>>> print(open('query26.csv').read())   # CSV, C-alpha atoms
chain,number,residue,atom,x,y,z
A,1,MET,CA,75.6,-36.4,-47.5
A,2,THR,CA,77.4,-37.5,-44.3
A,3,THR,CA,75.4,-39.7,-41.9
A,4,PRO,CA,75.4,-38.4,-38.4
A,5,PHE,CA,77.2,-40.5,-35.8
A,6,ASP,CA,74.7,-42.7,-34.0
A,7,PRO,CA,76.1,-44.1,-30.7
A,8,ALA,CA,73.3,-46.7,-30.4
A,9,ARG,CA,74.0,-48.1,-33.9
A,10,GLN,CA,77.8,-48.2,-33.1
A,11,GLN,CA,77.0,-49.7,-29.6
A,12,ALA,CA,78.9,-47.0,-28.0
A,13,SER,CA,78.4,-45.5,-24.5
A,14,THR,CA,78.2,-41.8,-24.0
A,15,VAL,CA,79.5,-39.5,-21.3
A,16,CYS,CA,79.5,-35.7,-20.7
A,17,LEU,CA,82.6,-34.7,-18.9
A,18,PRO,CA,81.8,-33.4,-15.4
A,19,PRO,CA,83.1,-30.2,-13.8
A,20,GLY,CA,86.7,-30.5,-12.5
A,21,GLN,CA,90.3,-29.3,-12.7
A,22,TRP,CA,91.7,-31.9,-15.1
A,23,THR,CA,94.3,-30.9,-17.8
A,24,THR,CA,93.3,-33.5,-20.4
A,25,VAL,CA,90.4,-35.6,-21.4
A,26,LEU,CA,92.4,-38.7,-20.4
A,27,ASP,CA,93.0,-37.3,-16.9
A,28,CYS,CA,89.2,-36.8,-16.5
A,29,LEU,CA,88.2,-40.2,-17.8
A,30,CYS,CA,90.8,-41.9,-15.5
A,31,ASP,CA,89.5,-40.1,-12.5
A,32,HIS,CA,85.8,-40.5,-13.4
A,33,PHE,CA,86.0,-44.2,-14.2
A,34,LYS,CA,88.2,-45.5,-11.4
A,35,GLY,CA,87.6,-49.1,-12.3
A,36,ILE,CA,89.5,-48.7,-15.6
A,37,ASP,CA,93.2,-48.0,-15.3
A,38,ARG,CA,95.2,-45.5,-17.3
A,39,THR,CA,96.8,-48.1,-19.4
A,40,GLN,CA,93.4,-49.3,-20.7
A,41,TRP,CA,92.3,-45.8,-21.5
A,42,LEU,CA,95.6,-45.1,-23.4
A,43,ASP,CA,95.1,-48.4,-25.4
A,44,ARG,CA,91.5,-47.3,-26.3
A,45,PHE,CA,92.7,-43.9,-27.5
A,46,ALA,CA,95.4,-45.5,-29.5
A,47,ARG,CA,92.9,-47.8,-31.2
A,48,GLY,CA,90.4,-45.0,-31.9
A,49,ARG,CA,87.9,-46.3,-29.4
A,50,VAL,CA,87.2,-42.8,-27.8
A,51,LEU,CA,85.3,-40.4,-30.0
A,52,ASP,CA,84.0,-36.9,-30.0
A,53,ALA,CA,80.3,-35.9,-30.4
A,54,GLN,CA,80.7,-36.2,-34.2
A,55,GLY,CA,82.1,-39.7,-34.0
A,56,GLN,CA,85.7,-38.7,-34.7
A,57,ALA,CA,88.6,-40.4,-32.8
A,58,ILE,CA,90.3,-38.1,-30.4
A,59,ALA,CA,93.8,-38.0,-28.9
A,60,ALA,CA,94.5,-38.8,-25.3
A,61,ASP,CA,96.1,-35.3,-24.7
A,62,LEU,CA,93.1,-33.4,-26.0
A,63,PRO,CA,92.5,-30.6,-23.4
A,64,TYR,CA,89.7,-31.1,-21.0
A,65,ARG,CA,86.5,-29.0,-21.3
A,66,ARG,CA,83.6,-29.2,-19.0
A,67,GLY,CA,80.5,-30.7,-20.6
A,68,MET,CA,82.4,-32.2,-23.5
A,69,ARG,CA,80.3,-35.0,-25.0
A,70,LEU,CA,82.3,-38.2,-25.7
A,71,HIS,CA,81.5,-41.7,-26.9
A,72,TYR,CA,83.5,-44.7,-25.9
A,73,PHE,CA,83.3,-48.5,-26.3
A,74,ARG,CA,83.1,-50.6,-23.2
A,75,GLU,CA,85.3,-53.6,-23.3
A,76,VAL,CA,85.8,-56.5,-20.8
A,77,PRO,CA,88.9,-58.6,-21.5
A,78,ASN,CA,88.3,-62.3,-21.5
A,79,GLU,CA,84.6,-61.9,-20.8
A,80,LYS,CA,83.2,-65.2,-19.5
A,81,PRO,CA,80.3,-66.8,-21.5
A,82,ILE,CA,77.1,-67.2,-19.6
A,83,PRO,CA,75.7,-70.6,-20.4
A,84,VAL,CA,72.0,-69.7,-20.7
A,85,GLN,CA,69.8,-68.9,-23.7
A,86,GLU,CA,67.2,-66.1,-24.1
A,87,ASP,CA,64.0,-66.7,-26.0
A,88,ILE,CA,62.3,-64.1,-28.2
A,89,LEU,CA,58.5,-64.1,-27.7
A,90,HIS,CA,57.4,-61.2,-29.9
A,91,VAL,CA,58.7,-58.8,-32.5
A,92,ASP,CA,57.0,-56.0,-34.3
A,93,ALA,CA,57.9,-52.5,-35.6
A,94,HIS,CA,57.8,-51.0,-32.1
A,95,LEU,CA,58.3,-53.7,-29.5
A,96,VAL,CA,60.4,-56.8,-28.8
A,97,VAL,CA,59.5,-59.1,-25.9
A,98,ALA,CA,62.1,-61.5,-24.6
A,99,ASP,CA,62.2,-64.2,-22.0
A,100,LYS,CA,65.4,-63.6,-20.0
A,101,PRO,CA,67.0,-66.6,-18.3
A,102,HIS,CA,68.4,-66.5,-14.8
A,103,PHE,CA,71.9,-65.0,-14.4
A,104,LEU,CA,71.9,-63.0,-17.7
A,105,PRO,CA,72.1,-59.2,-17.2
A,106,VAL,CA,69.7,-57.0,-19.2
A,107,THR,CA,72.3,-54.3,-20.1
A,108,PRO,CA,76.1,-54.0,-20.0
A,109,THR,CA,77.3,-53.6,-16.5
A,110,GLY,CA,80.5,-54.4,-14.5
A,111,GLU,CA,82.1,-57.5,-16.0
A,112,TYR,CA,79.4,-58.1,-18.6
A,113,VAL,CA,79.2,-56.3,-21.9
A,114,GLU,CA,78.6,-58.8,-24.8
A,115,GLN,CA,77.1,-61.4,-22.4
A,116,THR,CA,73.9,-59.4,-21.8
A,117,LEU,CA,70.3,-59.7,-23.1
A,118,LEU,CA,70.5,-56.3,-24.9
A,119,ARG,CA,73.7,-57.1,-26.9
A,120,ARG,CA,72.5,-60.6,-27.7
A,121,LEU,CA,69.2,-59.3,-29.1
A,122,ILE,CA,70.9,-56.5,-31.1
A,123,ARG,CA,73.0,-59.1,-32.8
A,124,ARG,CA,70.1,-61.6,-33.3
A,125,LEU,CA,67.6,-59.1,-34.7
A,126,ASP,CA,70.2,-56.8,-36.3
A,127,ASN,CA,68.5,-53.8,-34.7
A,128,PRO,CA,71.0,-51.4,-33.0
A,129,HIS,CA,68.1,-49.2,-31.8
A,130,LEU,CA,66.8,-51.7,-29.2
A,131,VAL,CA,66.5,-50.1,-25.7
A,132,PRO,CA,65.0,-51.9,-22.7
A,133,LEU,CA,61.9,-50.2,-21.4
A,134,HIS,CA,62.4,-51.6,-17.9
A,135,ARG,CA,64.9,-53.8,-16.1
A,136,ILE,CA,64.8,-57.0,-14.1
A,137,ASP,CA,67.9,-57.9,-12.1
A,138,ARG,CA,70.4,-60.5,-13.3
A,139,HIS,CA,69.2,-63.2,-10.9
A,140,THR,CA,65.6,-62.9,-11.9
A,141,ALA,CA,64.2,-64.7,-15.0
A,142,GLY,CA,61.3,-63.7,-17.2
A,143,LEU,CA,59.8,-61.0,-19.4
A,144,VAL,CA,61.7,-57.9,-20.6
A,145,LEU,CA,60.1,-55.4,-22.9
A,146,PHE,CA,62.3,-53.5,-25.5
A,147,SER,CA,61.6,-50.5,-27.6
A,148,ALA,CA,62.6,-51.3,-31.2
A,149,ASN,CA,61.8,-47.9,-32.7
A,150,PRO,CA,63.1,-44.5,-31.5
A,151,ASP,CA,60.1,-42.7,-33.0
A,152,SER,CA,57.6,-44.5,-30.7
A,153,ARG,CA,59.9,-45.0,-27.7
A,154,GLY,CA,58.6,-42.2,-25.6
A,155,ALA,CA,55.0,-43.4,-25.7
A,156,TYR,CA,56.0,-46.8,-24.3
A,157,GLN,CA,58.5,-45.5,-21.8
A,158,ARG,CA,55.8,-43.4,-20.1
A,159,LEU,CA,53.8,-46.6,-19.3
A,160,PHE,CA,56.2,-47.4,-16.4
A,161,PRO,CA,56.5,-44.2,-14.4
A,162,GLU,CA,52.8,-43.5,-15.0
A,163,ARG,CA,52.0,-47.0,-13.6
A,164,ARG,CA,49.9,-48.0,-16.6
A,165,ILE,CA,51.5,-51.4,-17.0
A,166,ASP,CA,50.5,-54.4,-14.9
A,167,LYS,CA,53.5,-56.6,-13.9
A,168,ARG,CA,53.0,-60.0,-12.3
A,169,TYR,CA,55.7,-62.1,-10.8
A,170,GLN,CA,55.9,-65.6,-9.2
A,171,ALA,CA,58.2,-66.6,-6.4
A,172,ILE,CA,58.8,-69.7,-4.4
A,173,ALA,CA,59.7,-69.1,-0.7
A,174,ALA,CA,59.0,-70.5,2.7
A,175,ALA,CA,55.4,-70.8,4.0
A,176,LEU,CA,54.1,-67.8,5.9
A,177,PRO,CA,51.1,-69.1,7.8
A,178,GLN,CA,51.4,-66.2,10.3
A,179,HIS,CA,50.3,-63.7,7.6
A,180,THR,CA,46.8,-63.3,6.1
A,181,PHE,CA,46.8,-63.2,2.3
A,182,PRO,CA,46.4,-61.3,0.0
A,183,LEU,CA,48.4,-58.6,1.7
A,184,VAL,CA,50.1,-55.3,0.8
A,185,HIS,CA,53.7,-54.6,2.0
A,186,ARG,CA,54.9,-51.0,1.9
A,187,SER,CA,58.3,-49.7,3.1
A,188,ARG,CA,61.1,-47.2,2.4
A,189,LEU,CA,63.9,-48.8,0.5
A,190,VAL,CA,67.4,-47.3,0.2
A,191,HIS,CA,70.8,-48.5,-0.9
A,192,GLY,CA,72.8,-50.2,1.8
A,193,GLU,CA,76.2,-52.0,2.2
A,194,PRO,CA,77.5,-53.4,0.0
A,195,PHE,CA,76.2,-50.8,-2.5
A,196,PHE,CA,74.3,-53.4,-4.5
A,197,ARG,CA,72.0,-54.4,-1.6
A,198,MET,CA,68.9,-52.6,-0.6
A,199,HIS,CA,67.4,-52.4,2.8
A,200,GLU,CA,64.3,-51.0,4.6
A,201,VAL,CA,64.6,-47.9,6.8
A,202,GLU,CA,62.2,-45.7,8.7
A,203,GLY,CA,60.6,-42.9,6.7
A,204,VAL,CA,58.0,-42.2,4.1
A,205,ASP,CA,57.2,-45.3,2.0
A,206,ASN,CA,58.6,-45.4,-1.5
A,207,SER,CA,57.9,-49.0,-2.4
A,208,GLU,CA,54.7,-51.1,-2.5
A,209,THR,CA,54.1,-54.8,-3.3
A,210,HIS,CA,50.9,-56.8,-3.4
A,211,ALA,CA,51.3,-60.5,-2.6
A,212,CYS,CA,49.0,-63.5,-2.7
A,213,VAL,CA,49.4,-67.3,-2.4
A,214,LEU,CA,49.0,-69.3,-5.6
A,215,GLU,CA,50.0,-72.8,-4.5
A,216,LYS,CA,51.2,-74.6,-1.3
A,217,GLN,CA,53.5,-77.6,-1.2
A,218,GLY,CA,54.6,-78.4,2.3
A,219,GLU,CA,57.0,-75.9,3.7
A,220,LEU,CA,57.2,-74.0,0.5
A,221,TRP,CA,54.6,-71.8,-1.1
A,222,ARG,CA,54.3,-70.3,-4.6
A,223,TYR,CA,53.5,-66.6,-4.3
A,224,GLY,CA,52.0,-64.2,-6.8
A,225,LEU,CA,53.7,-60.8,-6.5
A,226,SER,CA,52.6,-57.5,-8.1
A,227,PRO,CA,55.0,-54.6,-7.6
A,228,VAL,CA,53.2,-51.2,-7.7
A,229,THR,CA,56.6,-49.4,-7.6
A,230,GLY,CA,59.8,-50.5,-9.3
A,231,LYS,CA,62.6,-50.2,-6.7
A,232,THR,CA,65.8,-52.2,-7.1
A,233,HIS,CA,65.4,-55.7,-5.6
A,234,GLN,CA,62.0,-54.6,-4.3
A,235,LEU,CA,60.4,-58.1,-4.3
A,236,ARG,CA,63.4,-59.8,-2.9
A,237,VAL,CA,63.6,-57.3,0.0
A,238,HIS,CA,59.9,-57.3,0.7
A,239,MET,CA,59.7,-61.1,0.8
A,240,ALA,CA,62.7,-61.3,3.2
A,241,ALA,CA,61.1,-58.6,5.4
A,242,LEU,CA,57.9,-60.7,5.6
A,243,GLY,CA,60.0,-63.6,6.9
A,244,ALA,CA,60.4,-65.7,3.7
A,245,GLY,CA,63.4,-64.8,1.6
A,246,ILE,CA,63.0,-66.1,-1.9
A,247,CYS,CA,64.6,-69.5,-2.4
A,248,ASN,CA,68.2,-69.4,-3.5
A,249,ASP,CA,68.5,-65.7,-3.1
A,250,PRO,CA,72.2,-64.9,-2.7
A,251,PHE,CA,71.6,-61.4,-1.3
A,252,TYR,CA,68.6,-61.5,1.0
A,253,PRO,CA,68.1,-61.9,3.9
A,254,ARG,CA,71.9,-62.5,4.2
A,255,LEU,CA,74.7,-62.0,1.7
A,256,ALA,CA,75.9,-65.4,0.4
A,257,SER,CA,78.6,-66.2,-2.1
A,258,GLU,CA,78.7,-63.9,-5.1
A,259,GLN,CA,79.8,-66.8,-7.2
A,260,ASP,CA,77.0,-68.0,-9.6
A,261,ASP,CA,75.6,-71.5,-9.0
A,262,TYR,CA,73.7,-72.4,-12.1
A,263,THR,CA,72.1,-75.3,-10.3
A,264,ARG,CA,70.5,-73.0,-7.8
A,265,PRO,CA,68.7,-70.1,-9.6
A,266,LEU,CA,66.7,-67.6,-7.7
A,267,LYS,CA,63.1,-68.7,-7.6
A,268,LEU,CA,61.7,-65.5,-9.0
A,269,LEU,CA,60.0,-65.1,-12.4
A,270,ALA,CA,58.7,-62.0,-14.2
A,271,GLN,CA,55.7,-63.9,-15.3
A,272,SER,CA,53.4,-61.5,-17.3
A,273,LEU,CA,52.9,-58.0,-18.6
A,274,ARG,CA,49.6,-56.3,-19.5
A,275,PHE,CA,49.0,-52.8,-20.8
A,276,VAL,CA,47.0,-50.7,-23.1
A,277,ASP,CA,49.1,-50.0,-26.2
A,278,PRO,CA,49.6,-46.2,-26.4
A,279,LEU,CA,49.7,-46.3,-30.2
A,280,THR,CA,46.7,-48.5,-30.9
A,281,GLY,CA,44.6,-48.5,-27.8
A,282,GLU,CA,44.5,-52.3,-27.8
A,283,THR,CA,45.2,-54.4,-24.7
A,284,ARG,CA,48.5,-56.2,-25.0
A,285,TYR,CA,49.3,-59.2,-22.8
A,286,PHE,CA,52.6,-61.2,-22.7
A,287,GLU,CA,53.3,-64.3,-20.6
A,288,SER,CA,56.6,-66.0,-19.9
A,289,ARG,CA,57.2,-69.5,-21.2
A,290,LEU,CA,59.5,-70.1,-18.3
A,291,LYS,CA,58.4,-72.0,-15.2
A,292,LEU,CA,59.6,-72.1,-11.6
A,293,ASP,CA,60.2,-75.7,-10.5
A,294,TRP,CA,59.8,-76.6,-6.8
>>> encode(input="query26.csv", output="structure tokens")
Amino acid sequence: MTTPFDPARQQASTVCLPPGQWTTVLDCLCDHFKGIDRTQWLDRFARGRVLDAQGQAIAADLPYRRGMRLHYFREVPNEKPIPVQEDILHVDAHLVVADKPHFLPVTPTGEYVEQTLLRRLIRRLDNPHLVPLHRIDRHTAGLVLFSANPDSRGAYQRLFPERRIDKRYQAIAAALPQHTFPLVHRSRLVHGEPFFRMHEVEGVDNSETHACVLEKQGELWRYGLSPVTGKTHQLRVHMAALGAGICNDPFYPRLASEQDDYTRPLKLLAQSLRFVDPLTGETRYFESRLKLDW
């Protein structure tokens, strides 16, 4: 019996070819993924790194067909090591909980493929079925919850859009004596320029954060932050909007150098997760072992 091709087990990415007027699959991929030049795609085809839906290698001159499902292997030449180490806090048949250090991406993106939390955990646990149930951005440290079992994945995924999971963060930022805490900050967040930055605009609110003060030390305060919604960079934008951008934030309120400075991590930590387990009905609570130093 032939085992069906499993892109997750093979750590392959999947794409369905969009509508267009291309002659070949190669032409479509070159136009669709503008960051990868034609020479790289030709090399991948030559090495059997572009596959059809059944997992069979295809030729670069295969005629284009709208909706064709392909699998390909992302590669980053000379990928730079990220000198930080993740910590696994919990493993069971359904869930994996990890402490992500600052600077490590959760999933492959841009210049990072192997140097990501997902790929590292797949290798350490020998489980190609791992899928993150939520994301925290690369500059943020702390808890990330992974599904370890495709059969139960849907039940855990629904916790997030249905807001049945309590997420608590800590941040260190400038004192805000002009505000009364605890407070709720709501706004409309949209993508700005450059594309990876978010900003607030007029309109119906689509983001909400609850904030309190946990500790005061001179001109810096430690804040407790609870995001009700999960917009990209939400906590970072909301703190900057309140007048206290999180310490060492390279994006907000102003864009600084994009070069990583490992001596100055963003002072933001995904500190705890609490939810009722959809399979057992038991309350689950996980807390990061990481700490934010002043």
>>> residues_around(input="query26.csv", residues="Pro19 (chain A)", least_positions_apart="3", cutoff="12 Å", atoms="all atoms listed in the file", output="list in words")
Cys16, Trp22, Thr23, Val25, Cys28, Leu29, Asp31, His32, Tyr64, Arg65, Arg66, Gly67 and Met68 of chain A
>>> atom_distance(input="query26.csv", atom1="CA of Arg74 (chain A)", atom2="CA of Gln234 (chain A)")
28.6 Å
>>> atom_distance(input="query26.csv", atom1="CA of Ala98 (chain A)", atom2="CA of Val144 (chain A)")
5.4 Å
>>> closest_residue(input="query26.csv", among="A:Arg163, A:Lys34, A:His134, A:His191", to="Thr107 (chain A)", atoms="all atoms listed in the file")
A:His134
>>> atom_distance(input="query26.csv", atom1="CA of His139 (chain A)", atom2="CA of Asp126 (chain A)")
26.2 Å
